[in-house]
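Raw model00.cif, mmCIF, C-alpha atoms:
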```
data_upload
loop_
_atom_site.label_atom_id
_atom_site.label_comp_id
_atom_site.auth_asym_id
_atom_site.auth_seq_id
_atom_site.Cartn_x
_atom_site.Cartn_y
_atom_site.Cartn_z
CA MET I 3 -16.92 -11.95 -1.27
CA PRO I 4 -14.44 -10.85 -3.90
CA ARG I 5 -10.84 -11.83 -3.26
CA ILE I 6 -8.27 -9.34 -4.52
CA SER I 7 -4.64 -10.42 -4.87
CA LEU I 8 -1.97 -7.75 -5.28
CA PRO I 9 1.70 -7.25 -4.45
CA MET I 10 2.36 -5.57 -1.11
CA ALA I 11 3.70 -2.49 -2.89
CA GLU I 12 0.38 -2.04 -4.70
CA TRP I 13 -1.60 -2.53 -1.48
CA ARG I 14 0.52 0.24 0.08
CA ALA I 15 -0.13 2.58 -2.86
CA ILE I 16 -3.86 1.84 -2.74
CA ALA I 17 -4.04 2.44 1.02
CA HIS I 18 -2.19 5.71 0.54
CA GLU I 19 -4.61 6.82 -2.18
CA LEU I 20 -7.67 5.80 -0.16
CA THR I 21 -6.51 7.81 2.85
CA GLY I 22 -5.46 10.77 0.72
CA GLY I 23 -8.94 12.08 -0.04
CA GLN I 24 -9.64 10.32 -3.31
CA THR I 25 -12.87 11.10 -5.10
CA VAL I 26 -13.76 7.43 -4.69
CA ALA I 27 -16.19 6.81 -1.83
CA VAL I 28 -14.25 4.86 0.77
CA PRO I 29 -16.41 2.22 2.45
CA PRO I 30 -16.03 1.98 6.22
CA GLY I 31 -13.28 -0.34 7.37
CA VAL I 32 -11.53 -0.94 4.04
CA VAL I 33 -8.47 1.16 4.89
CA GLU I 34 -8.22 -0.53 8.28
CA ARG I 35 -8.40 -3.98 6.63
CA ILE I 36 -5.66 -3.07 4.15
CA ASN I 37 -3.49 -1.60 6.92
CA ALA I 38 -3.96 -4.77 8.99
CA LEU I 39 -2.83 -6.86 6.00
CA LEU I 40 0.21 -4.63 5.53
CA ALA I 41 1.08 -4.79 9.22
CA GLN I 42 1.11 -8.60 9.10
CA ALA I 43 3.08 -8.86 5.85
CA PRO I 44 6.88 -9.13 6.03
CA SER I 45 8.32 -5.79 4.92
CA CYS I 46 11.13 -7.47 3.00
CA TRP I 47 8.67 -8.90 0.43
CA PRO I 48 7.35 -5.87 -1.52
CA GLU I 49 6.63 -7.95 -4.64
CA GLN I 50 4.99 -10.86 -2.78
CA ILE I 51 1.31 -11.29 -3.65
CA PHE I 52 -1.13 -10.94 -0.76
CA ALA I 53 -4.86 -11.63 -1.00
CA LEU I 54 -7.64 -9.89 0.85
CA GLU I 55 -11.32 -10.77 0.84
CA LEU I 56 -13.47 -7.66 0.79
CA ASP I 57 -17.15 -6.91 0.53
CA GLU I 58 -18.31 -5.79 -2.90
CA SER I 59 -18.25 -2.03 -2.20
CA SER I 60 -14.75 -2.21 -0.70
CA ALA I 61 -13.51 -4.34 -3.60
CA GLU I 62 -14.95 -1.81 -6.06
CA ALA I 63 -13.16 1.05 -4.28
CA VAL I 64 -9.86 -0.88 -4.42
CA ARG I 65 -10.35 -1.70 -8.12
CA SER I 66 -11.18 1.93 -8.87
CA VAL I 67 -8.04 3.23 -7.14
CA GLN I 68 -5.93 0.54 -8.79
CA ALA I 69 -7.31 1.52 -12.20
CA SER I 70 -6.58 5.20 -11.54
CA LEU I 71 -3.01 4.34 -10.52
CA LEU I 72 -2.58 2.31 -13.69
CA ASP I 73 -4.03 5.15 -15.80
CA ASP I 74 -1.62 7.60 -14.15
CA ASP I 75 1.23 5.25 -15.02
CA ARG I 76 0.17 5.10 -18.66
CA ASP I 77 -0.02 8.88 -18.84
CA ASP I 78 3.27 9.34 -17.02
CA ASP I 79 6.35 10.14 -19.10
CA LEU I 80 8.27 7.46 -17.22
CA GLY I 81 5.76 4.82 -18.40
CA GLY I 82 5.69 1.12 -17.64
CA GLY I 83 4.33 1.46 -14.12
CA GLN I 84 7.37 3.41 -13.01
CA ARG I 85 5.33 5.99 -11.07
CA ALA I 86 3.54 3.36 -8.96
CA ALA I 87 6.81 1.51 -8.43
CA SER I 88 8.53 4.73 -7.35
CA ILE I 89 5.71 5.60 -4.96
CA ALA I 90 5.67 2.08 -3.56
CA GLU I 91 9.45 2.14 -3.11
CA ALA I 92 9.32 5.49 -1.30
CA MET I 93 6.50 4.27 0.92
CA GLN I 94 8.47 1.11 1.71
CA ILE I 95 11.51 3.17 2.73
CA ILE I 96 9.37 5.31 5.03
CA TRP I 97 7.64 2.26 6.50
CA ASP I 98 10.97 0.47 7.06
CA HIS I 99 12.36 3.56 8.76
CA GLN I 100 9.32 3.83 11.04
CA GLN I 101 9.56 0.14 11.92
CA HIS I 102 13.26 0.52 12.68
CA ASP I 103 12.56 3.52 14.93
CA GLU I 104 9.80 1.66 16.79
CA GLY I 105 11.92 -1.46 17.22
CA SER I 106 14.99 0.34 18.48
CA SER I 107 13.36 2.95 20.69
CA GLY I 108 13.86 0.98 23.90
CA SER I 109 17.06 -0.94 23.25
CA ASN I 110 19.71 1.53 22.12
CA PRO I 111 18.37 4.88 20.92
CA GLY I 112 21.78 6.08 19.73
CA ALA I 113 22.44 3.06 17.49
CA ARG I 114 21.77 3.42 13.77
CA LEU I 115 22.47 1.06 10.90
#
```

Take the structure from the file and write it as structure tokens.
Amino acid sequence: MPRISLPMAEWRAIAHELTGGQTVAVPPGVVERINALLAQAPSCWPEQIFALELDESSAEAVRSVQASLLDDDRDDDLGGGQRAASIAEAMQIIWDHQQHDEGSSGSNPGARL
């Protein structure tokens, strides 16, 4: 099985693209596997590398989405991977907010940081 190692921010961007109706055929279970990896990863480590072993068709789908994200970054006026970094940062903010809401829903609903 291929082992793909990427930063958490890239895994988030890939999961987002795979669930967003990409033209890439999404093998069954790949999005669930990526989401399980993201759920277990500490949210404070967006640049930490995480590895995931996938079957060949799932690995090919991930590589294809990653390549399309990299191509978009090269074509983007911001350049240098800025688009993927911006998307990953926005997704991290949303995820952190959702985690905060879930964690504080029973303790003190009026408290905010």

Within 6 Å of region 51-63 of chain I, counting all atoms listed in the file, which residues show up once you throw out same-chain ones fewer than 2 positions away? Write them as number ranges by chain, please. I: 3-9, 29, 32, 65-66

Picked residues, the PyMOL selection byres ((chain I and resi 17) around 10), as a ChimeraX atom specification: /I:11-16,18-22,32-37,40,64,67

What does the structure give for the distance between CA of Leu71 (chain I) and CA of Trp97 (chain I), in Å to one decimal? 20.2 Å

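For the atom pair formed by CA of Ala43 (chain I) and CA of Ala90 (chain I), the distance is 14.7 Å, given to one decimal.
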
CA of Val28 (chain I) to CA of Cys46 (chain I), straight-line distance in Å: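 Here the two named atoms are 28.3 Å from each other.
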
Would you fill out region 30-44 of chain I with N, CA and C atoms and return it as a PDB file, in the frame of the given file?
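Okay, out_32.pdb is ready:
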```pdb
ATOM      1  N   PRO I  30     -16.582   2.089   4.859  1.00  0.00           N
ATOM      2  CA  PRO I  30     -16.030   1.980   6.220  1.00  0.00           C
ATOM      3  C   PRO I  30     -15.237   0.692   6.406  1.00  0.00           C
ATOM      4  N   GLY I  31     -14.084   0.815   7.001  1.00  0.00           N
ATOM      5  CA  GLY I  31     -13.280  -0.340   7.370  1.00  0.00           C
ATOM      6  C   GLY I  31     -12.303  -0.842   6.324  1.00  0.00           C
ATOM      7  N   VAL I  32     -12.413  -0.395   5.078  1.00  0.00           N
ATOM      8  CA  VAL I  32     -11.530  -0.940   4.040  1.00  0.00           C
ATOM      9  C   VAL I  32     -10.077  -0.530   4.280  1.00  0.00           C
ATOM     10  N   VAL I  33      -9.838   0.706   4.650  1.00  0.00           N
ATOM     11  CA  VAL I  33      -8.470   1.160   4.890  1.00  0.00           C
ATOM     12  C   VAL I  33      -7.882   0.408   6.082  1.00  0.00           C
ATOM     13  N   GLU I  34      -8.682   0.208   7.110  1.00  0.00           N
ATOM     14  CA  GLU I  34      -8.220  -0.530   8.280  1.00  0.00           C
ATOM     15  C   GLU I  34      -7.868  -1.970   7.927  1.00  0.00           C
ATOM     16  N   ARG I  35      -8.683  -2.595   7.053  1.00  0.00           N
ATOM     17  CA  ARG I  35      -8.400  -3.980   6.630  1.00  0.00           C
ATOM     18  C   ARG I  35      -7.098  -4.055   5.840  1.00  0.00           C
ATOM     19  N   ILE I  36      -6.890  -3.095   4.942  1.00  0.00           N
ATOM     20  CA  ILE I  36      -5.660  -3.070   4.150  1.00  0.00           C
ATOM     21  C   ILE I  36      -4.457  -2.824   5.064  1.00  0.00           C
ATOM     22  N   ASN I  37      -4.586  -1.880   5.989  1.00  0.00           N
ATOM     23  CA  ASN I  37      -3.490  -1.600   6.920  1.00  0.00           C
ATOM     24  C   ASN I  37      -3.169  -2.808   7.796  1.00  0.00           C
ATOM     25  N   ALA I  38      -4.197  -3.565   8.198  1.00  0.00           N
ATOM     26  CA  ALA I  38      -3.960  -4.770   8.990  1.00  0.00           C
ATOM     27  C   ALA I  38      -3.195  -5.806   8.164  1.00  0.00           C
ATOM     28  N   LEU I  39      -3.553  -5.941   6.893  1.00  0.00           N
ATOM     29  CA  LEU I  39      -2.830  -6.860   6.000  1.00  0.00           C
ATOM     30  C   LEU I  39      -1.374  -6.420   5.880  1.00  0.00           C
ATOM     31  N   LEU I  40      -1.150  -5.137   5.681  1.00  0.00           N
ATOM     32  CA  LEU I  40       0.210  -4.630   5.530  1.00  0.00           C
ATOM     33  C   LEU I  40       1.025  -4.788   6.809  1.00  0.00           C
ATOM     34  N   ALA I  41       0.373  -4.638   7.937  1.00  0.00           N
ATOM     35  CA  ALA I  41       1.080  -4.790   9.220  1.00  0.00           C
ATOM     36  C   ALA I  41       1.525  -6.228   9.448  1.00  0.00           C
ATOM     37  N   GLN I  42       0.778  -7.182   8.918  1.00  0.00           N
ATOM     38  CA  GLN I  42       1.110  -8.600   9.100  1.00  0.00           C
ATOM     39  C   GLN I  42       2.100  -9.105   8.062  1.00  0.00           C
ATOM     40  N   ALA I  43       2.214  -8.403   6.942  1.00  0.00           N
ATOM     41  CA  ALA I  43       3.080  -8.860   5.850  1.00  0.00           C
ATOM     42  C   ALA I  43       4.537  -8.512   6.139  1.00  0.00           C
ATOM     43  N   PRO I  44       5.451  -9.437   5.847  1.00  0.00           N
ATOM     44  CA  PRO I  44       6.880  -9.130   6.030  1.00  0.00           C
ATOM     45  C   PRO I  44       7.299  -7.977   5.125  1.00  0.00           C
TER      46      PRO I  44
END
```
